[in-house]
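> Let me begin by handing over the structure; questions about it come next.
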Amino acid sequence: MEIFYPYIFMGILLVTWLTSVPVMVLVERKVSGWLQYRVGPTRVGPWGLLQPIADALKFLSKEDVVPHHVNKWLYIFAPALMVFPAFFVIGVIPVGILTLGGKEILVQIGHTNIGILYVLAVSSLVVYSITFSAWASNNKYSLLGGLRSAAQMMSYELPMGLSILGTIMLVGSLRLEDIVNFQMNSAWGIVWQPLGALIFIVTAFAETNRLPFDLAEAEAELVGGYHTEYSSMKFAMFFLGEYCNMLTASVMITLLFLGGWNVPFVQGMNLEPLTQQVIQIAGLALKVVFLMFFFVWVRWTLPRFRYDQLMNFGWKTLIPLALANVVITAIVMAIVS
Amino acid sequence: MVPISHYLILTAILFTLGVIGVLTRRNAIIVFMCIELMLNSVNLSMVVFARFLDSMDGQIAVFLIMTVAAAEVAVGLALIVAIYRKKESINIDEMHIMQG
Amino acid sequence: MGHAVAFYVFGILAVALALATILHKNIFKSATFMAGMLFCLAALFITLDAEFLAVVQVLVYIGAITMLIVFAIMLTTRINDETRQKFNSQLWISSLATLGFLSLIISVVLRGGWGGVVTESGSLPPDMLGAIGTALLSDFILAFDVVSILLLVALIGALHIAKQDDRKLYVQESFVDDESSAVKNHVKETEEMHV
């Protein structure tokens, strides 16, 4: 039985990630409406709950255009490449512990001691999809959007990696489950590493191409950025990948800085182990949902950066801050121990 | 259960392909990519030996080689782009003048 | 068994992709094939118990180096731009020479007593990551420092090359505003560059 657990977890996590996309589309529309003092979608189903299904049907029934001026091979390959890292990254993400058959089992697909590095490496592949679509579209808006977005993602990967370094130094392990256990036994990561958490959250926004960093799309100046030439399901693939990456980013923020599946006070309540663990997984889900809401909230609160501001902010503010964070953490650790 | 000689033959083939690319292609960026290919084939053989001899030294060497490759790419590509701006071409056969 | 299958699949794929890299007409696709080949090598690293290197391979080689190459391609070539003459005149002689070299290596490998077998479970330490980190900061500290300085130097050098271009652009812009002074500037600029 036990050898099947990874496959079962794989199925469950994959379904969770996939179903989160339509839910997220609905939440985004509804919350946007609420923040802008309007009602949002209401026509399809009760309170507009079936809107994502209508959206999906619309995508499916649209004509799938492949313009004649594109480089066909890369043009078709690019959207698939967007989805590939989005699902590949789930492989090492733990979402909780379950006691099954008297044994504590970590809900994680693959156990490896390079957890965070794997996540960073796989999510850095997203940039390929963007450059390929930009290049293959053979369109100036696509190319500009793609170049901007690729430069942005490569620049913000550096502070992202550096911001995690403080946590890794504290915990002494790259395994995500060790990091969560560390927070379980002491305080949440955001208490240990407030600056690291802040930088990580900011870079997560940049890596997922969300406002205020969505220069790749920048409708006002670039039509639609790198996916200008895409329609129908190919466009939907970009959409899917983007929302999956957002979910992954939220889960990573939770695991690294918000205590993972750690729910305050639940350990002192003397519950059945399984009940307690289910509550903890629900706690993780709740934190992730809050972060997703936070993503939408920020979207309608902050204006878009200008491109030079973005680059200056990344290279001249975030990277020095992240480096300072590493140095300060090292000094404090040396003094304390 | 793979004989170590198969790994070594694989690295030799990859290295040879890299050499052919460097010697015969005319585009500077392709030549660059072929150099990366050669470096990678050597990396693979290092990892194979590290595994075969149960020592980590090979892996550490690979790590250092990757760092050097990153530095090399940063400078090399900057040079190629600068040359392109000057000469409107990155054909290696036309880069035979020492003076810019 | 699993390792053997992975080795042959990824090994053959890597050779095929390397061939495609050096033979394809379109540079952009060549770069794509090279990224694929690097991915295959990362997979081969995993069969050799070098997970850390596999991840660094993806992070550094595929995520950064190949991406930089793609950037350079975008800046220097146009889409659907296929070079008519991709090989230079020494194609046959150099191919023959290198193939001779290859057969030499293969014969040495086959005769040289490399009879060992890469088994499924090696005896490398389980905490490879910690071991590598400790070794880098103790036995290999000099190499580590030298590489760090090299990176810094490369960074500054690349920045310097990019900076020169900035200055030229500035001269070109001022060319529109005030022709005579800009020409003077330009002359000065070129003189400086020759010195």
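FYI, nothing fancy with the structure tokens labels: chains A, B, ... in order, residues from 1 per chain, ligands from 1 as they appear.
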Using only C-alpha atoms, find the residues of chain B whose closest atom to chain C is at most 8 Å away, then write them as a ChimeraX atom specification.

/B:1-5,8-10,12-14,16-21,23-27,29-30,33-34,37,40,44,47-48,51-52,54-56,59-60,62-64,66-68,70-75,77-82,84,89-90,93

> Restricted to C-alpha atoms, what would the selected residues look like written as a PDB file, in the first residue's frame?


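Result file result_22.pdb:
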ATOM      1  CA  MET B   1      23.896  -1.747 -14.174  1.00  0.00           C
ATOM      2  CA  VAL B   2      25.444   0.386 -16.879  1.00  0.00           C
ATOM      3  CA  PRO B   3      29.088  -0.321 -17.719  1.00  0.00           C
ATOM      4  CA  ILE B   4      31.171   2.743 -17.028  1.00  0.00           C
ATOM      5  CA  SER B   5      32.626   2.525 -20.531  1.00  0.00           C
ATOM      6  CA  LEU B   8      32.594   7.426 -21.161  1.00  0.00           C
ATOM      7  CA  ILE B   9      31.712   6.715 -24.790  1.00  0.00           C
ATOM      8  CA  LEU B  10      28.661   8.966 -24.432  1.00  0.00           C
ATOM      9  CA  ALA B  12      33.315  11.229 -25.917  1.00  0.00           C
ATOM     10  CA  ILE B  13      30.571  11.444 -28.544  1.00  0.00           C
ATOM     11  CA  LEU B  14      29.164  14.646 -27.033  1.00  0.00           C
ATOM     12  CA  THR B  16      33.356  15.276 -30.444  1.00  0.00           C
ATOM     13  CA  LEU B  17      30.104  16.843 -31.585  1.00  0.00           C
ATOM     14  CA  GLY B  18      31.097  19.982 -29.730  1.00  0.00           C
ATOM     15  CA  VAL B  19      34.504  20.025 -31.405  1.00  0.00           C
ATOM     16  CA  ILE B  20      32.955  19.558 -34.848  1.00  0.00           C
ATOM     17  CA  GLY B  21      30.617  22.441 -34.153  1.00  0.00           C
ATOM     18  CA  LEU B  23      35.577  23.892 -36.036  1.00  0.00           C
ATOM     19  CA  THR B  24      32.974  24.059 -38.763  1.00  0.00           C
ATOM     20  CA  ARG B  25      30.139  26.441 -37.936  1.00  0.00           C
ATOM     21  CA  ARG B  26      30.385  30.061 -39.033  1.00  0.00           C
ATOM     22  CA  ASN B  27      28.034  31.713 -36.550  1.00  0.00           C
ATOM     23  CA  ILE B  29      26.881  32.105 -31.112  1.00  0.00           C
ATOM     24  CA  ILE B  30      26.719  28.522 -32.361  1.00  0.00           C
ATOM     25  CA  MET B  33      27.029  26.916 -27.714  1.00  0.00           C
ATOM     26  CA  CYS B  34      29.340  24.151 -28.900  1.00  0.00           C
ATOM     27  CA  LEU B  37      28.509  21.401 -25.118  1.00  0.00           C
ATOM     28  CA  ASN B  40      29.114  19.731 -20.346  1.00  0.00           C
ATOM     29  CA  LEU B  44      29.378  14.394 -17.196  1.00  0.00           C
ATOM     30  CA  VAL B  47      30.389  13.061 -12.327  1.00  0.00           C
ATOM     31  CA  VAL B  48      30.748   9.516 -13.648  1.00  0.00           C
ATOM     32  CA  ARG B  51      30.401   8.116  -8.684  1.00  0.00           C
ATOM     33  CA  PHE B  52      32.737   5.329  -9.786  1.00  0.00           C
ATOM     34  CA  ASP B  54      33.041   7.098  -4.496  1.00  0.00           C
ATOM     35  CA  SER B  55      34.543  10.537  -4.018  1.00  0.00           C
ATOM     36  CA  MET B  56      32.966  13.974  -4.142  1.00  0.00           C
ATOM     37  CA  GLN B  59      31.247  16.857  -8.222  1.00  0.00           C
ATOM     38  CA  ILE B  60      32.984  19.844  -6.660  1.00  0.00           C
ATOM     39  CA  VAL B  62      31.836  20.254 -11.859  1.00  0.00           C
ATOM     40  CA  PHE B  63      30.356  22.909  -9.595  1.00  0.00           C
ATOM     41  CA  LEU B  64      33.406  25.121 -10.131  1.00  0.00           C
ATOM     42  CA  MET B  66      29.692  25.625 -14.011  1.00  0.00           C
ATOM     43  CA  THR B  67      30.620  28.844 -12.216  1.00  0.00           C
ATOM     44  CA  VAL B  68      33.431  29.542 -14.657  1.00  0.00           C
ATOM     45  CA  ALA B  70      28.609  31.343 -16.241  1.00  0.00           C
ATOM     46  CA  ALA B  71      31.340  33.987 -16.063  1.00  0.00           C
ATOM     47  CA  GLU B  72      32.558  33.070 -19.530  1.00  0.00           C
ATOM     48  CA  VAL B  73      29.081  33.386 -21.007  1.00  0.00           C
ATOM     49  CA  ALA B  74      28.469  36.785 -19.445  1.00  0.00           C
ATOM     50  CA  VAL B  75      31.629  38.261 -20.953  1.00  0.00           C
ATOM     51  CA  LEU B  77      28.024  37.238 -25.121  1.00  0.00           C
ATOM     52  CA  ALA B  78      28.595  40.876 -24.232  1.00  0.00           C
ATOM     53  CA  LEU B  79      31.542  40.812 -26.639  1.00  0.00           C
ATOM     54  CA  ILE B  80      29.537  39.119 -29.382  1.00  0.00           C
ATOM     55  CA  VAL B  81      26.754  41.685 -29.084  1.00  0.00           C
ATOM     56  CA  ALA B  82      29.296  44.529 -29.099  1.00  0.00           C
ATOM     57  CA  TYR B  84      27.567  42.738 -33.884  1.00  0.00           C
ATOM     58  CA  SER B  89      27.675  40.401 -38.503  1.00  0.00           C
ATOM     59  CA  ILE B  90      28.661  37.627 -36.129  1.00  0.00           C
ATOM     60  CA  ASP B  93      35.222  34.058 -40.776  1.00  0.00           C
TER      61      ASP B  93
END

> With a cut-off of 8 Å and counting only C-alpha atoms, select all residues of chain C in contact with chain A and give the selection as number ranges by chain.

C: 51-52, 55-56, 58-59, 62-64, 67, 74, 79-80, 127, 129

> For the residues in that selection, give me C-alpha atoms as a compact mmCIF listing (two decimals), in the first residue's frame.


# COMPACT_ATOMS: atom_id res chain seq x y z
CA GLU C 51 20.92 15.54 -7.45
CA PHE C 52 22.49 18.78 -6.33
CA VAL C 55 19.44 21.03 -9.99
CA VAL C 56 22.35 23.44 -10.38
CA VAL C 58 18.93 23.30 -14.55
CA LEU C 59 19.26 26.50 -12.54
CA ILE C 62 19.34 26.06 -18.57
CA GLY C 63 17.88 28.88 -16.50
CA ALA C 64 20.70 31.38 -16.92
CA MET C 67 18.73 32.06 -21.56
CA MET C 74 17.41 37.87 -30.18
CA ILE C 79 13.31 35.52 -36.94
CA ASN C 80 13.11 32.91 -39.69
CA ASP C 127 23.98 14.02 2.90
CA LEU C 129 24.76 18.56 -0.06

> Please identify the helix (DSSP H, G or I) residues within chain B (assignment by DSSP from backbone atoms) and present them as a PyMOL selection string.

chain B and resi 4-24+28-52+57-87+92-94

> Would you mind exporting the chosen residues as a short mmCIF file (atom, residue, chain, number, x, y, z; two decimals), in the first residue's frame, restricted to C-alpha atoms?


data_model
loop_
_atom_site.label_atom_id
_atom_site.label_comp_id
_atom_site.auth_asym_id
_atom_site.auth_seq_id
_atom_site.Cartn_x
_atom_site.Cartn_y
_atom_site.Cartn_z
CA ILE B 4 31.17 2.74 -17.03
CA SER B 5 32.63 2.53 -20.53
CA HIS B 6 29.20 3.36 -21.96
CA TYR B 7 29.09 6.57 -19.97
CA LEU B 8 32.59 7.43 -21.16
CA ILE B 9 31.71 6.71 -24.79
CA LEU B 10 28.66 8.97 -24.43
CA THR B 11 30.78 11.81 -23.11
CA ALA B 12 33.32 11.23 -25.92
CA ILE B 13 30.57 11.44 -28.54
CA LEU B 14 29.16 14.65 -27.03
CA PHE B 15 32.63 16.16 -26.82
CA THR B 16 33.36 15.28 -30.44
CA LEU B 17 30.10 16.84 -31.59
CA GLY B 18 31.10 19.98 -29.73
CA VAL B 19 34.50 20.02 -31.41
CA ILE B 20 32.95 19.56 -34.85
CA GLY B 21 30.62 22.44 -34.15
CA VAL B 22 33.43 24.73 -33.04
CA LEU B 23 35.58 23.89 -36.04
CA THR B 24 32.97 24.06 -38.76
CA ALA B 28 29.80 32.92 -33.38
CA ILE B 29 26.88 32.10 -31.11
CA ILE B 30 26.72 28.52 -32.36
CA VAL B 31 30.44 28.21 -31.72
CA PHE B 32 29.76 29.48 -28.24
CA MET B 33 27.03 26.92 -27.71
CA CYS B 34 29.34 24.15 -28.90
CA ILE B 35 31.94 25.21 -26.33
CA GLU B 36 29.24 24.84 -23.69
CA LEU B 37 28.51 21.40 -25.12
CA MET B 38 32.14 20.37 -24.72
CA LEU B 39 32.25 21.69 -21.15
CA ASN B 40 29.11 19.73 -20.35
CA SER B 41 30.44 16.49 -21.72
CA VAL B 42 33.51 16.89 -19.52
CA ASN B 43 31.22 17.62 -16.56
CA LEU B 44 29.38 14.39 -17.20
CA SER B 45 32.58 12.38 -17.24
CA MET B 46 33.66 14.03 -13.98
CA VAL B 47 30.39 13.06 -12.33
CA VAL B 48 30.75 9.52 -13.65
CA PHE B 49 34.23 9.23 -12.17
CA ALA B 50 33.07 10.77 -8.89
CA ARG B 51 30.40 8.12 -8.68
CA PHE B 52 32.74 5.33 -9.79
CA ASP B 57 35.93 15.76 -5.66
CA GLY B 58 34.55 15.27 -9.15
CA GLN B 59 31.25 16.86 -8.22
CA ILE B 60 32.98 19.84 -6.66
CA ALA B 61 35.05 20.28 -9.82
CA VAL B 62 31.84 20.25 -11.86
CA PHE B 63 30.36 22.91 -9.60
CA LEU B 64 33.41 25.12 -10.13
CA ILE B 65 33.32 24.51 -13.90
CA MET B 66 29.69 25.63 -14.01
CA THR B 67 30.62 28.84 -12.22
CA VAL B 68 33.43 29.54 -14.66
CA ALA B 69 31.09 28.78 -17.57
CA ALA B 70 28.61 31.34 -16.24
CA ALA B 71 31.34 33.99 -16.06
CA GLU B 72 32.56 33.07 -19.53
CA VAL B 73 29.08 33.39 -21.01
CA ALA B 74 28.47 36.78 -19.44
CA VAL B 75 31.63 38.26 -20.95
CA GLY B 76 31.57 36.32 -24.22
CA LEU B 77 28.02 37.24 -25.12
CA ALA B 78 28.60 40.88 -24.23
CA LEU B 79 31.54 40.81 -26.64
CA ILE B 80 29.54 39.12 -29.38
CA VAL B 81 26.75 41.68 -29.08
CA ALA B 82 29.30 44.53 -29.10
CA ILE B 83 30.95 43.10 -32.23
CA TYR B 84 27.57 42.74 -33.88
CA ARG B 85 26.77 46.38 -33.22
CA LYS B 86 30.05 47.38 -34.79
CA LYS B 87 30.19 45.05 -37.80
CA ILE B 92 33.51 34.16 -37.39
CA ASP B 93 35.22 34.06 -40.78
CA GLU B 94 34.87 37.82 -41.03
#

> Residues within 6 Å of range 235-250 of chain A, please, as an MDAnalysis selection string. Count only C-alpha atoms; anything in the same chain fewer than 3 positions from it doesn't count.

chainID A and resid 21 79 82:83 86 208 230:232 253 288 291

> Between CA of Ser142 in chain A and CA of Pro67 in chain A, what is the spacing in Å?

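About the pair CA of Pro67 in chain A and CA of Ser142 in chain A: they are 13.3 Å apart.
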
> Can you work out the spacing between CA of Tyr307 in chain A and CA of Gly161 in chain A in Å, to one decimal?

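One can read the CA of Tyr307 in chain A to CA of Gly161 in chain A distance as 21.9 Å.
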
> Using only C-alpha atoms, determine which residues lie at most 10 Å from Met184 in chain A, disregarding the query and same-chain residues fewer than 5 positions distant; provide the list as a PyMOL selection string.

chain A and resi 178-179+189+259-264+267

> Hey, can you spit out that residue selection with N, CA and C atoms as a compact mmCIF listing (two decimals), in the first residue's frame?


# COMPACT_ATOMS: atom_id res chain seq x y z
N ASP A 178 11.59 20.16 6.66
CA ASP A 178 12.43 20.56 7.79
C ASP A 178 12.17 22.01 8.16
N ILE A 179 11.98 22.85 7.13
CA ILE A 179 11.73 24.27 7.40
C ILE A 179 10.42 24.44 8.16
N GLY A 189 8.33 31.74 10.29
CA GLY A 189 9.48 32.28 9.59
C GLY A 189 9.46 33.79 9.47
N GLY A 259 4.62 29.51 8.51
CA GLY A 259 4.46 28.34 9.37
C GLY A 259 3.93 27.10 8.69
N GLY A 260 3.77 27.11 7.37
CA GLY A 260 3.31 25.90 6.69
C GLY A 260 1.96 25.43 7.22
N TRP A 261 1.90 24.14 7.61
CA TRP A 261 0.64 23.60 8.13
C TRP A 261 0.54 23.77 9.64
N ASN A 262 1.28 24.69 10.17
CA ASN A 262 1.28 24.93 11.61
C ASN A 262 0.09 25.83 11.96
N VAL A 263 -0.84 25.32 12.80
CA VAL A 263 -1.97 26.13 13.24
C VAL A 263 -1.78 26.40 14.72
N PRO A 264 -1.80 27.66 15.16
CA PRO A 264 -1.55 27.96 16.56
C PRO A 264 -2.56 27.27 17.48
N GLN A 267 -2.05 22.18 18.75
CA GLN A 267 -1.29 21.07 19.34
C GLN A 267 -1.61 20.89 20.82
